[in-house]
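What follows is the content of upload_21.cif, which has mmCIF, C-alpha atoms:
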data_data
#
loop_
_atom_site.label_atom_id
_atom_site.label_comp_id
_atom_site.auth_asym_id
_atom_site.auth_seq_id
_atom_site.Cartn_x
_atom_site.Cartn_y
_atom_site.Cartn_z
CA MET Q 1 10.40 -111.26 61.81
CA MET Q 2 8.70 -107.86 61.64
CA ARG Q 3 9.96 -104.63 63.18
CA GLN Q 4 8.74 -101.06 63.29
CA ARG Q 5 9.90 -98.26 61.02
CA VAL Q 6 9.02 -94.77 62.23
CA LEU Q 7 8.65 -91.55 60.27
CA VAL Q 8 8.25 -88.18 62.01
CA LEU Q 9 6.96 -85.29 59.93
CA TYR Q 10 6.78 -81.67 61.05
CA LEU Q 11 4.15 -79.79 59.10
CA ALA Q 12 3.57 -76.12 58.40
CA ASN Q 13 0.28 -76.13 60.30
CA SER Q 14 -1.98 -78.52 62.18
CA ALA Q 15 -3.58 -79.95 59.02
CA LEU Q 16 -2.23 -83.26 57.80
CA ASP Q 17 -2.31 -82.02 54.22
CA SER Q 18 -0.01 -79.06 54.92
CA PRO Q 19 3.62 -78.97 53.71
CA VAL Q 20 6.45 -80.87 55.39
CA ILE Q 21 9.03 -78.48 56.91
CA ALA Q 22 11.16 -80.98 58.87
CA TRP Q 23 11.44 -84.75 59.11
CA ALA Q 24 13.15 -87.67 60.81
CA SER Q 25 13.03 -91.44 60.54
CA TYR Q 26 14.14 -94.45 62.55
CA ASP Q 27 14.37 -97.99 61.29
CA GLY Q 28 13.91 -100.96 63.61
CA THR Q 29 14.49 -103.43 60.80
CA GLY Q 30 18.14 -102.43 60.55
CA ALA Q 31 17.91 -101.95 56.79
CA ARG Q 32 18.64 -98.22 56.99
CA ARG Q 33 20.53 -96.00 59.39
CA PRO Q 34 18.95 -92.55 59.14
CA MET Q 35 20.82 -89.70 60.84
CA ALA Q 36 20.80 -85.95 61.26
CA GLY Q 37 21.51 -84.01 58.10
CA ASP Q 38 21.24 -87.00 55.76
CA GLN Q 39 18.53 -85.65 53.48
CA ASP Q 40 17.96 -82.10 52.24
CA ALA Q 41 14.63 -82.73 50.53
CA PRO Q 42 11.60 -84.02 52.48
CA PRO Q 43 10.49 -87.60 51.79
CA TYR Q 44 6.90 -86.40 51.18
CA SER Q 45 5.49 -83.01 50.36
CA THR Q 46 2.63 -83.32 52.89
CA GLY Q 47 1.50 -85.70 55.63
CA VAL Q 48 -1.27 -87.04 53.41
CA HIS Q 49 1.30 -88.13 50.83
CA ALA Q 50 2.87 -90.30 53.55
CA LEU Q 51 -0.53 -91.91 54.18
CA GLN Q 52 -0.93 -92.55 50.48
CA ASP Q 53 2.43 -94.33 50.49
CA GLY Q 54 1.31 -96.72 53.22
CA TRP Q 55 2.49 -95.02 56.40
CA ARG Q 56 0.07 -95.38 59.34
CA LEU Q 57 -0.40 -92.30 61.51
CA PHE Q 58 -0.28 -93.15 65.21
CA GLN Q 59 0.28 -89.81 66.96
CA ALA Q 60 -0.26 -86.10 66.28
CA SER Q 61 0.69 -83.16 68.46
CA THR Q 62 -2.11 -81.42 70.30
CA LEU Q 63 -3.04 -77.78 69.89
CA ALA Q 64 -1.81 -76.13 73.08
CA PRO Q 65 -2.64 -72.52 73.98
CA PRO Q 66 0.43 -70.36 74.63
CA LEU Q 67 1.52 -70.02 78.22
CA PRO Q 68 0.63 -66.66 79.80
CA GLY Q 69 3.47 -64.25 79.14
CA GLN Q 70 4.85 -66.46 76.39
CA GLU Q 71 2.33 -65.66 73.70
CA LEU Q 72 4.93 -64.24 71.31
CA ALA Q 73 7.71 -66.70 72.12
CA VAL Q 74 8.99 -69.12 69.50
CA SER Q 75 10.35 -72.48 70.55
CA TYR Q 76 10.02 -76.07 69.27
CA LEU Q 77 8.33 -77.03 66.02
CA LYS Q 78 4.65 -77.36 66.80
CA TYR Q 79 3.00 -79.69 64.32
CA GLU Q 80 4.52 -83.12 64.80
CA PHE Q 81 3.05 -86.27 63.25
CA TRP Q 82 4.33 -89.81 63.92
CA PHE Q 83 3.85 -92.59 61.37
CA GLU Q 84 4.83 -96.25 61.29
CA GLN Q 85 5.26 -99.13 58.93
CA LEU Q 86 6.20 -102.72 59.69
CA GLY Q 87 9.03 -104.32 57.78
CA GLU Q 88 11.01 -107.53 57.76
CA VAL Q 89 14.20 -107.51 59.79
CA ALA Q 90 17.18 -106.96 57.53
CA ARG Q 91 19.53 -109.94 57.26
CA MET P 1 38.74 -47.63 56.35
CA SER P 2 36.15 -48.89 58.80
CA HIS P 3 35.55 -52.61 58.85
CA LEU P 4 32.48 -52.33 61.03
CA LEU P 5 29.44 -54.16 59.69
CA GLY P 6 26.92 -52.07 57.80
CA ALA P 7 23.27 -51.96 58.78
CA ARG P 8 22.23 -54.56 56.22
CA ASP P 9 24.85 -57.08 57.34
CA MET P 10 23.76 -56.51 60.93
CA ALA P 11 20.16 -57.07 59.89
CA ARG P 12 21.20 -60.28 58.12
CA PHE P 13 22.74 -61.52 61.36
CA VAL P 14 19.61 -60.57 63.31
CA ALA P 15 17.33 -62.25 60.79
CA ARG P 16 19.28 -65.43 59.99
CA GLY P 17 21.71 -65.83 62.91
CA PHE P 18 24.92 -66.05 60.90
CA LEU P 19 27.41 -64.25 58.68
CA ARG P 20 29.70 -66.27 56.43
CA PHE P 21 33.01 -65.10 54.98
CA ASP P 22 34.75 -67.52 52.62
CA ALA P 23 38.55 -67.80 52.41
CA VAL P 24 39.26 -64.62 54.36
CA VAL P 25 41.99 -66.06 56.59
CA PRO P 26 45.39 -66.13 54.82
CA ASP P 27 46.96 -69.52 54.17
CA ALA P 28 49.95 -68.66 56.37
CA ILE P 29 47.62 -68.40 59.38
CA ASN P 30 45.74 -71.56 58.38
CA ARG P 31 48.97 -73.56 58.16
CA ALA P 32 50.29 -72.14 61.42
CA PHE P 33 47.05 -72.89 63.25
CA LEU P 34 47.12 -76.55 62.22
CA SER P 35 50.60 -76.96 63.70
CA GLU P 36 50.15 -74.96 66.92
CA SER P 37 48.70 -75.96 70.26
CA VAL P 38 45.81 -73.99 71.73
CA PRO P 39 46.16 -72.46 75.22
CA GLU P 40 43.66 -73.05 78.00
CA ALA P 41 41.76 -70.04 79.30
CA ALA P 42 39.05 -69.46 81.88
CA PRO P 43 35.62 -68.07 80.98
CA GLY P 44 35.58 -64.30 81.47
CA THR P 45 39.19 -63.77 80.40
CA PRO P 46 39.51 -60.73 78.13
CA LEU P 47 39.61 -62.14 74.61
CA ALA P 48 42.67 -60.03 73.87
CA ASN P 49 44.61 -61.91 76.57
CA VAL P 50 43.80 -65.49 75.53
CA TYR P 51 46.07 -66.17 72.56
CA PRO P 52 49.83 -65.48 72.67
CA HIS P 53 51.08 -62.56 70.62
CA GLY P 54 52.10 -63.80 67.18
CA SER P 55 50.13 -67.04 67.41
CA ALA P 56 47.86 -68.03 64.54
CA LEU P 57 44.72 -67.31 66.54
CA ALA P 58 45.99 -63.91 67.71
CA ARG P 59 46.73 -63.04 64.10
CA LEU P 60 43.30 -64.30 63.01
CA LEU P 61 41.55 -62.16 65.62
CA ALA P 62 43.59 -59.16 64.51
CA LEU P 63 42.36 -59.37 60.91
CA PRO P 64 40.44 -56.14 60.15
CA LEU P 65 37.38 -58.08 59.00
CA VAL P 66 37.31 -60.08 62.25
CA GLN P 67 37.92 -57.02 64.42
CA GLY P 68 35.16 -55.12 62.64
CA ALA P 69 32.63 -57.95 62.82
CA LEU P 70 33.30 -58.68 66.49
CA GLU P 71 33.14 -55.03 67.49
CA SER P 72 29.89 -54.60 65.53
CA LEU P 73 28.24 -57.65 67.07
CA LEU P 74 29.66 -57.59 70.59
CA GLY P 75 31.06 -54.12 71.19
CA PRO P 76 34.64 -53.37 72.27
CA ALA P 77 36.74 -55.69 74.42
CA PRO P 78 34.64 -58.87 74.35
CA ALA P 79 35.33 -61.58 76.90
CA PHE P 80 36.28 -65.15 76.13
CA ASP P 81 33.79 -67.83 77.12
CA HIS P 82 35.31 -71.05 75.80
CA HIS P 83 36.85 -72.56 72.74
CA TYR P 84 37.04 -76.04 71.32
CA LYS P 85 38.98 -77.70 68.55
CA HIS P 86 36.53 -80.03 66.85
CA GLU P 87 38.35 -82.91 65.22
CA ASN P 88 36.03 -84.95 63.04
CA PRO P 89 38.22 -87.94 62.18
CA ALA P 90 38.22 -89.88 58.96
CA ALA P 91 36.06 -92.98 59.12
CA SER P 92 37.95 -95.95 60.54
CA PRO P 93 37.81 -99.40 58.92
CA GLU P 94 35.71 -100.59 61.89
CA GLN P 95 33.24 -97.73 61.35
CA ARG P 96 33.08 -98.44 57.65
CA ALA P 97 32.32 -102.09 58.41
CA ARG P 98 29.40 -100.96 60.57
CA GLY P 99 28.05 -98.61 57.89
CA GLY P 100 30.20 -95.54 58.50
CA PRO P 101 30.21 -92.84 61.16
CA THR P 102 27.10 -91.03 62.31
CA SER P 103 26.43 -87.33 62.41
CA GLN P 104 25.99 -85.21 65.50
CA HIS P 105 22.42 -84.61 66.62
CA THR P 106 20.97 -81.20 65.89
CA HIS P 107 21.34 -78.98 68.95
CA GLN P 108 21.69 -75.49 70.34
CA ASP P 109 24.82 -74.77 72.36
CA SER P 110 24.93 -74.23 76.11
CA SER P 111 22.04 -73.98 78.49
CA ILE P 112 18.70 -72.30 77.89
CA ASP P 113 19.19 -68.56 77.47
CA VAL P 114 16.45 -65.94 77.44
CA GLN P 115 18.55 -62.78 77.57
CA ARG P 116 17.95 -60.19 74.86
CA GLY P 117 21.60 -59.83 73.89
CA PHE P 118 23.68 -62.64 72.48
CA ASP P 119 27.09 -64.26 72.38
CA VAL P 120 28.96 -64.90 69.15
CA GLN P 121 30.44 -68.24 68.21
CA LEU P 122 33.20 -67.87 65.66
CA MET P 123 33.69 -71.05 63.64
CA TYR P 124 37.03 -71.23 61.84
CA TYR P 125 37.75 -73.71 59.04
CA PRO P 126 41.52 -73.84 58.46
CA HIS P 127 41.37 -76.21 55.47
CA ASP P 128 39.03 -76.93 52.58
CA VAL P 129 35.84 -78.73 53.63
CA THR P 130 34.11 -80.99 51.12
CA ARG P 131 30.60 -82.44 51.39
CA ASP P 132 31.84 -85.94 52.24
CA MET P 133 33.87 -84.59 55.18
CA GLY P 134 30.69 -84.04 57.19
CA PRO P 135 30.55 -80.24 57.23
CA THR P 136 28.97 -78.20 59.98
CA ARG P 137 25.20 -78.25 59.45
CA PHE P 138 23.11 -75.29 60.58
CA VAL P 139 19.60 -73.99 60.09
CA PRO P 140 19.36 -70.28 59.23
CA GLY P 141 16.86 -68.33 61.30
CA THR P 142 16.53 -70.73 64.24
CA HIS P 143 18.63 -68.66 66.67
CA LEU P 144 15.78 -66.77 68.35
CA ARG P 145 13.91 -69.92 69.37
CA THR P 146 13.96 -70.65 73.09
CA VAL P 147 14.96 -74.30 73.33
CA ASN P 148 17.45 -76.23 75.37
CA GLU P 149 20.54 -77.93 73.97
CA LEU P 150 19.94 -81.46 72.67
CA SER P 151 16.22 -81.40 73.34
CA LEU P 152 15.77 -80.80 69.62
CA ALA P 153 17.89 -83.80 68.57
CA ARG P 154 14.73 -85.36 67.13
CA TYR P 155 14.85 -82.88 64.23
CA GLN P 156 17.08 -84.82 61.85
CA ASN P 157 16.46 -82.66 58.82
CA ILE P 158 14.93 -79.21 58.49
CA ALA P 159 14.02 -77.49 55.24
CA GLY P 160 16.68 -74.91 54.38
CA GLN P 161 19.46 -76.52 56.42
CA GLN P 162 22.93 -75.64 55.15
CA HIS P 163 26.11 -77.74 55.08
CA LEU P 164 29.23 -75.62 55.34
CA VAL P 165 31.23 -76.78 52.34
CA CYS P 166 33.91 -74.13 52.11
CA PRO P 167 37.45 -73.22 51.11
CA ALA P 168 40.28 -72.99 53.65
CA GLY P 169 40.23 -69.86 55.79
CA THR P 170 36.46 -69.55 55.97
CA LEU P 171 34.83 -67.94 59.01
CA LEU P 172 31.28 -68.34 60.23
CA PHE P 173 30.00 -65.88 62.83
CA LEU P 174 27.04 -67.47 64.60
CA HIS P 175 24.46 -66.22 67.07
CA HIS P 176 24.86 -68.60 70.02
CA GLY P 177 21.29 -69.82 69.66
CA ILE P 178 21.45 -71.19 66.12
CA TRP P 179 20.53 -74.86 65.64
CA HIS P 180 23.44 -76.85 64.28
CA GLY P 181 25.41 -80.11 64.34
CA GLY P 182 28.48 -81.76 62.88
CA GLY P 183 28.12 -84.03 59.88
CA ALA P 184 29.34 -87.62 59.46
CA ASN P 185 32.82 -87.66 58.00
CA GLN P 186 32.65 -90.25 55.21
CA SER P 187 35.96 -89.20 53.69
CA ALA P 188 39.50 -90.42 54.22
CA THR P 189 40.54 -87.02 55.60
CA ALA P 190 40.02 -85.64 59.10
CA ARG P 191 38.06 -82.40 59.34
CA THR P 192 39.11 -79.67 61.78
CA MET P 193 36.98 -76.78 62.94
CA PHE P 194 37.89 -74.39 65.74
CA LYS P 195 35.17 -72.61 67.70
CA ILE P 196 35.55 -69.60 69.97
CA ARG P 197 32.59 -68.38 71.99
CA MET P 198 32.75 -64.71 72.98
CA THR P 199 30.48 -62.57 75.11
CA PRO P 200 29.97 -58.80 75.31
CA THR P 201 31.26 -56.76 78.24
CA SER P 202 29.06 -53.73 77.53
CA PRO P 203 25.63 -53.25 75.91
CA GLN P 204 25.48 -54.28 72.25
CA VAL P 205 23.83 -51.03 71.26
CA ARG P 206 24.86 -49.05 68.12
CA ARG P 207 28.21 -50.81 67.79
CA PHE P 208 28.05 -51.31 64.03
CA ASP P 209 28.53 -48.74 61.25
CA VAL P 210 25.70 -46.51 62.44
CA PRO P 211 25.88 -43.96 59.58
CA THR P 212 24.58 -46.73 57.29
CA LEU P 213 21.42 -46.95 59.39
CA SER P 214 18.12 -45.24 58.75
CA LEU P 215 16.03 -44.76 61.87
CA THR P 216 12.86 -44.01 59.98
CA ALA P 217 10.20 -46.51 60.95
CA VAL P 218 8.64 -48.01 57.86
CA SER P 219 4.96 -48.83 57.67
CA ARG P 220 3.68 -50.11 54.36
CA PRO P 221 0.55 -51.98 53.33
CA ILE P 222 1.03 -55.53 54.57
CA PHE P 223 0.56 -58.81 52.69
CA VAL P 224 1.60 -57.10 49.46
CA PRO P 225 4.26 -58.98 47.45
CA ARG P 226 7.23 -56.79 46.55
CA PRO P 227 9.39 -59.01 44.33
CA ASP P 228 11.27 -56.08 42.81
CA GLU P 229 11.91 -54.25 46.06
CA PRO P 230 15.61 -53.46 46.54
CA GLU P 231 17.13 -55.14 49.57
CA SER P 232 16.83 -53.08 52.74
CA VAL P 233 17.01 -53.59 56.50
CA GLU P 234 13.24 -53.92 56.43
CA SER P 235 13.15 -56.56 53.69
CA ILE P 236 15.91 -58.52 55.40
CA LEU P 237 14.16 -58.52 58.78
CA LEU P 238 10.93 -59.73 57.14
CA GLY P 239 12.65 -62.53 55.26
CA VAL P 240 11.09 -65.99 55.42
CA GLU P 241 12.87 -69.30 55.97
CA PRO P 242 11.62 -72.48 54.23
CA TRP P 243 11.02 -74.17 57.60
CA PHE P 244 8.73 -71.47 58.99
CA GLU P 245 5.34 -72.75 60.09
CA HIS P 246 2.45 -70.82 58.61
CA ASP P 247 1.61 -69.23 61.94
CA THR P 248 5.09 -68.50 63.31
CA ALA P 249 6.63 -66.34 60.55
CA GLN P 250 5.04 -63.26 62.09
CA LEU P 251 6.32 -64.24 65.54
CA GLU P 252 9.82 -64.60 64.11
CA TRP P 253 9.55 -61.15 62.54
CA MET P 254 8.47 -59.68 65.88
CA ALA P 255 11.40 -61.33 67.66
CA ARG P 256 13.79 -59.95 65.04
CA ILE P 257 12.32 -56.44 65.26
CA ALA P 258 12.57 -56.54 69.07
CA LEU P 259 16.26 -57.49 68.83
CA TRP P 260 16.86 -54.83 66.17
CA ARG P 261 15.27 -52.19 68.42
CA HIS P 262 17.76 -53.16 71.11
CA LEU P 263 20.78 -53.10 68.78
CA ILE P 264 19.92 -49.68 67.34
CA GLY P 265 18.88 -48.21 70.70
CA HIS P 266 15.46 -47.20 69.43
CA PRO P 267 12.60 -48.74 71.46
CA ASP P 268 9.84 -47.70 69.04
CA TRP P 269 11.35 -48.54 65.64
CA ASP P 270 9.20 -50.90 63.61
CA VAL P 271 8.61 -52.43 60.20
CA ASP P 272 5.08 -52.47 58.86
CA TYR P 273 3.50 -51.97 62.29
CA TRP P 274 4.25 -55.54 63.50
CA LEU P 275 5.12 -54.63 67.09
CA THR P 276 3.33 -51.27 67.16
CA ARG P 277 -0.06 -52.92 66.68
CA LEU P 278 0.57 -55.15 69.70
CA HIS P 279 1.53 -52.21 71.88
CA ASN P 280 -1.34 -49.91 70.97
CA PRO P 281 -1.95 -47.97 74.20
CA ALA P 282 -5.61 -47.42 73.25
CA ARG P 283 -6.24 -51.15 73.67
CA ARG P 284 -4.75 -51.55 77.11
#

Do you think you could lay out the structure here as structure tokens?
Amino acid sequence: MMRQRVLVLYLANSALDSPVIAWASYDGTGARRPMAGDQDAPPYSTGVHALQDGWRLFQASTLAPPLPGQELAVSYLKYEFWFEQLGEVAR
Amino acid sequence: MSHLLGARDMARFVARGFLRFDAVVPDAINRAFLSESVPEAAPGTPLANVYPHGSALARLLALPLVQGALESLLGPAPAFDHHYKHENPAASPEQRARGGPTSQHTHQDSSIDVQRGFDVQLMYYPHDVTRDMGPTRFVPGTHLRTVNELSLARYQNIAGQQHLVCPAGTLLFLHHGIWHGGGANQSATARTMFKIRMTPTSPQVRRFDVPTLSLTAVSRPIFVPRPDEPESVESILLGVEPWFEHDTAQLEWMARIALWRHLIGHPDWDVDYWLTRLHNPARR
């Protein structure tokens, strides 16, 4: 039985070949239990390296203009890319 | 001898959102704290009235280093907001059977806050903390980002995150906005951390060791590497964190300079023209 594994990469700019600055993963197969703070080095150096390792990109954040009056504000990480793989359910 | 923070330590707090002091609380206070109960107190209570005279926490707050740091960051007579004794228990056999405990999601404390000034959260570690005990995790430099509590829980790992492995008696002074979370305690020993949130009762302007401050605005050629430059307020405020996006480092610098202007009471001070160029009256 196949389940989804998800990888979320936050990149340094909107290009998929820019460096990874933050990351998260979730595992629907049950083989791994990723959690906050579990990994101090990124799993890939760029988004393209994730593609080369077989991850399929299924969502990328849009480029949104800053809200009026908020042009200088800093908030959430902006360049978010979602990837998936399918894997066998862990026994 | 003054224990107020110098200008460079203040700049470090402005730039990175924390100051860390290892093993500065004497063991006698650490031992007493672990055996004492903690009183309840309402938000807004003068901090000086919260902990009974002679208690471990009253003695901790009376340490010259703590007095100096709090007065520098918050001004005199700060008010108590809340406190909490975080007990991160050792993993139970049931948890171990299910793969062990999980860590706390990354978050920012309390509700969304857009005020220019800040509260201080003092984190106190009364015993040694090892890596397997699930130390406090925090991300330097995230404190000026306007976000709301657990909305950022999706960020499991961020480049440059730190895990507070430390000796007993360590204190961490945090800007209230810094992104953080508790780790998963995989050890056989419970981990205790005590947090006190404090708020200013008067403007946080020129409360630190002002004679260490230079008010000369510095404007140098930009985009010029200066690897051998001695550390200064300017170099600290323009420091870069490993998680900075390529296009937000300059916005972070501007936010830091704006906060520094407030703390030094000088509305036009600048480093390398970063805010001056945006406020050029000829372009209005």

Would you kindly translate the PyMOL selection byres ((chain Q and resi 58-65) around 8) into the concrete residues it picks from this file, as a PyMOL selection string? chain Q and resi 14+56-57+66-67+78-84

Next, write the just-selected residues to a file, as an mmCIF file, in the frame of the given file, keeping C-alpha atoms as the atom set.
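The resulting again-v4.cif:
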data_model
loop_
_atom_site.group_PDB
_atom_site.id
_atom_site.type_symbol
_atom_site.label_atom_id
_atom_site.label_comp_id
_atom_site.auth_asym_id
_atom_site.auth_seq_id
_atom_site.Cartn_x
_atom_site.Cartn_y
_atom_site.Cartn_z
ATOM 1 C CA SER Q 14 -1.980 -78.520 62.180
ATOM 2 C CA ARG Q 56 0.070 -95.380 59.340
ATOM 3 C CA LEU Q 57 -0.400 -92.300 61.510
ATOM 4 C CA PRO Q 66 0.430 -70.360 74.630
ATOM 5 C CA LEU Q 67 1.520 -70.020 78.220
ATOM 6 C CA LYS Q 78 4.650 -77.360 66.800
ATOM 7 C CA TYR Q 79 3.000 -79.690 64.320
ATOM 8 C CA GLU Q 80 4.520 -83.120 64.800
ATOM 9 C CA PHE Q 81 3.050 -86.270 63.250
ATOM 10 C CA TRP Q 82 4.330 -89.810 63.920
ATOM 11 C CA PHE Q 83 3.850 -92.590 61.370
ATOM 12 C CA GLU Q 84 4.830 -96.250 61.290
#

List the residues selected by the PyMOL selection byres ((chain P) within 6 of (chain Q)) in the file shown, writing them as a list in words. Ser103, His105, Arg145, Thr146, Val147, Gln156, Asn157, Ile158, Ala159, Trp243, Glu245, His246 and Leu251 of chain P

Can you pull out every residue within 8 Å of Tyr125 (chain P), counting only C-alpha atoms, but drop anything in the same chain fewer than 5 positions away, and send it as a PDB file with C-alpha atoms, in the coordinates of the input?
ATOM      1  CA  CYS P 166      33.910 -74.130  52.110  1.00  0.00           C
ATOM      2  CA  PRO P 167      37.450 -73.220  51.110  1.00  0.00           C
ATOM      3  CA  ALA P 168      40.280 -72.990  53.650  1.00  0.00           C
ATOM      4  CA  GLY P 169      40.230 -69.860  55.790  1.00  0.00           C
ATOM      5  CA  THR P 170      36.460 -69.550  55.970  1.00  0.00           C
ATOM      6  CA  LEU P 171      34.830 -67.940  59.010  1.00  0.00           C
ATOM      7  CA  THR P 192      39.110 -79.670  61.780  1.00  0.00           C
ATOM      8  CA  MET P 193      36.980 -76.780  62.940  1.00  0.00           C
ATOM      9  CA  PHE P 194      37.890 -74.390  65.740  1.00  0.00           C
TER      10      PHE P 194
END

Contact residues around region 223-230 of chain P with all atoms listed in the file at 10 Å, ignoring same-chain residues under 3 positions, as a list in words: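 Surrounding residues, per the criterion: Arg220, Ser235 and Asp272 of chain P.
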
Which residue out of P:Leu19, P:His82, P:Ser92, P:Gly99 has the minimum interatomic distance to Gly30 (chain Q) when all atoms listed in the file are used? P:Gly99

Written as a PyMOL selection string, what is the full residue list that the PyMOL selection byres ((chain P and resi 78) around 6) yields on the file shown? chain P and resi 47+76-77+79+199-201

Once you add 5 Å to each side, what are the centre and edge lengths of the axis-aligned box holding all listed atoms of region 141-153 of chain P? One decimal in Å, as JSON, if you can.
{"center_x": 17.2, "center_y": -75.3, "center_z": 68.3, "size_x": 16.6, "size_y": 27.0, "size_z": 24.1}

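Our summary of the geometry notes that CA of Phe173 (chain P) is positioned 17.9 Å from CA of Leu237 (chain P).
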
Which value, in Å to one decimal, gives the distance between CA of Gly181 (chain P) and CA of Arg98 (chain P)?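 Those two atoms sit 21.6 Å apart.
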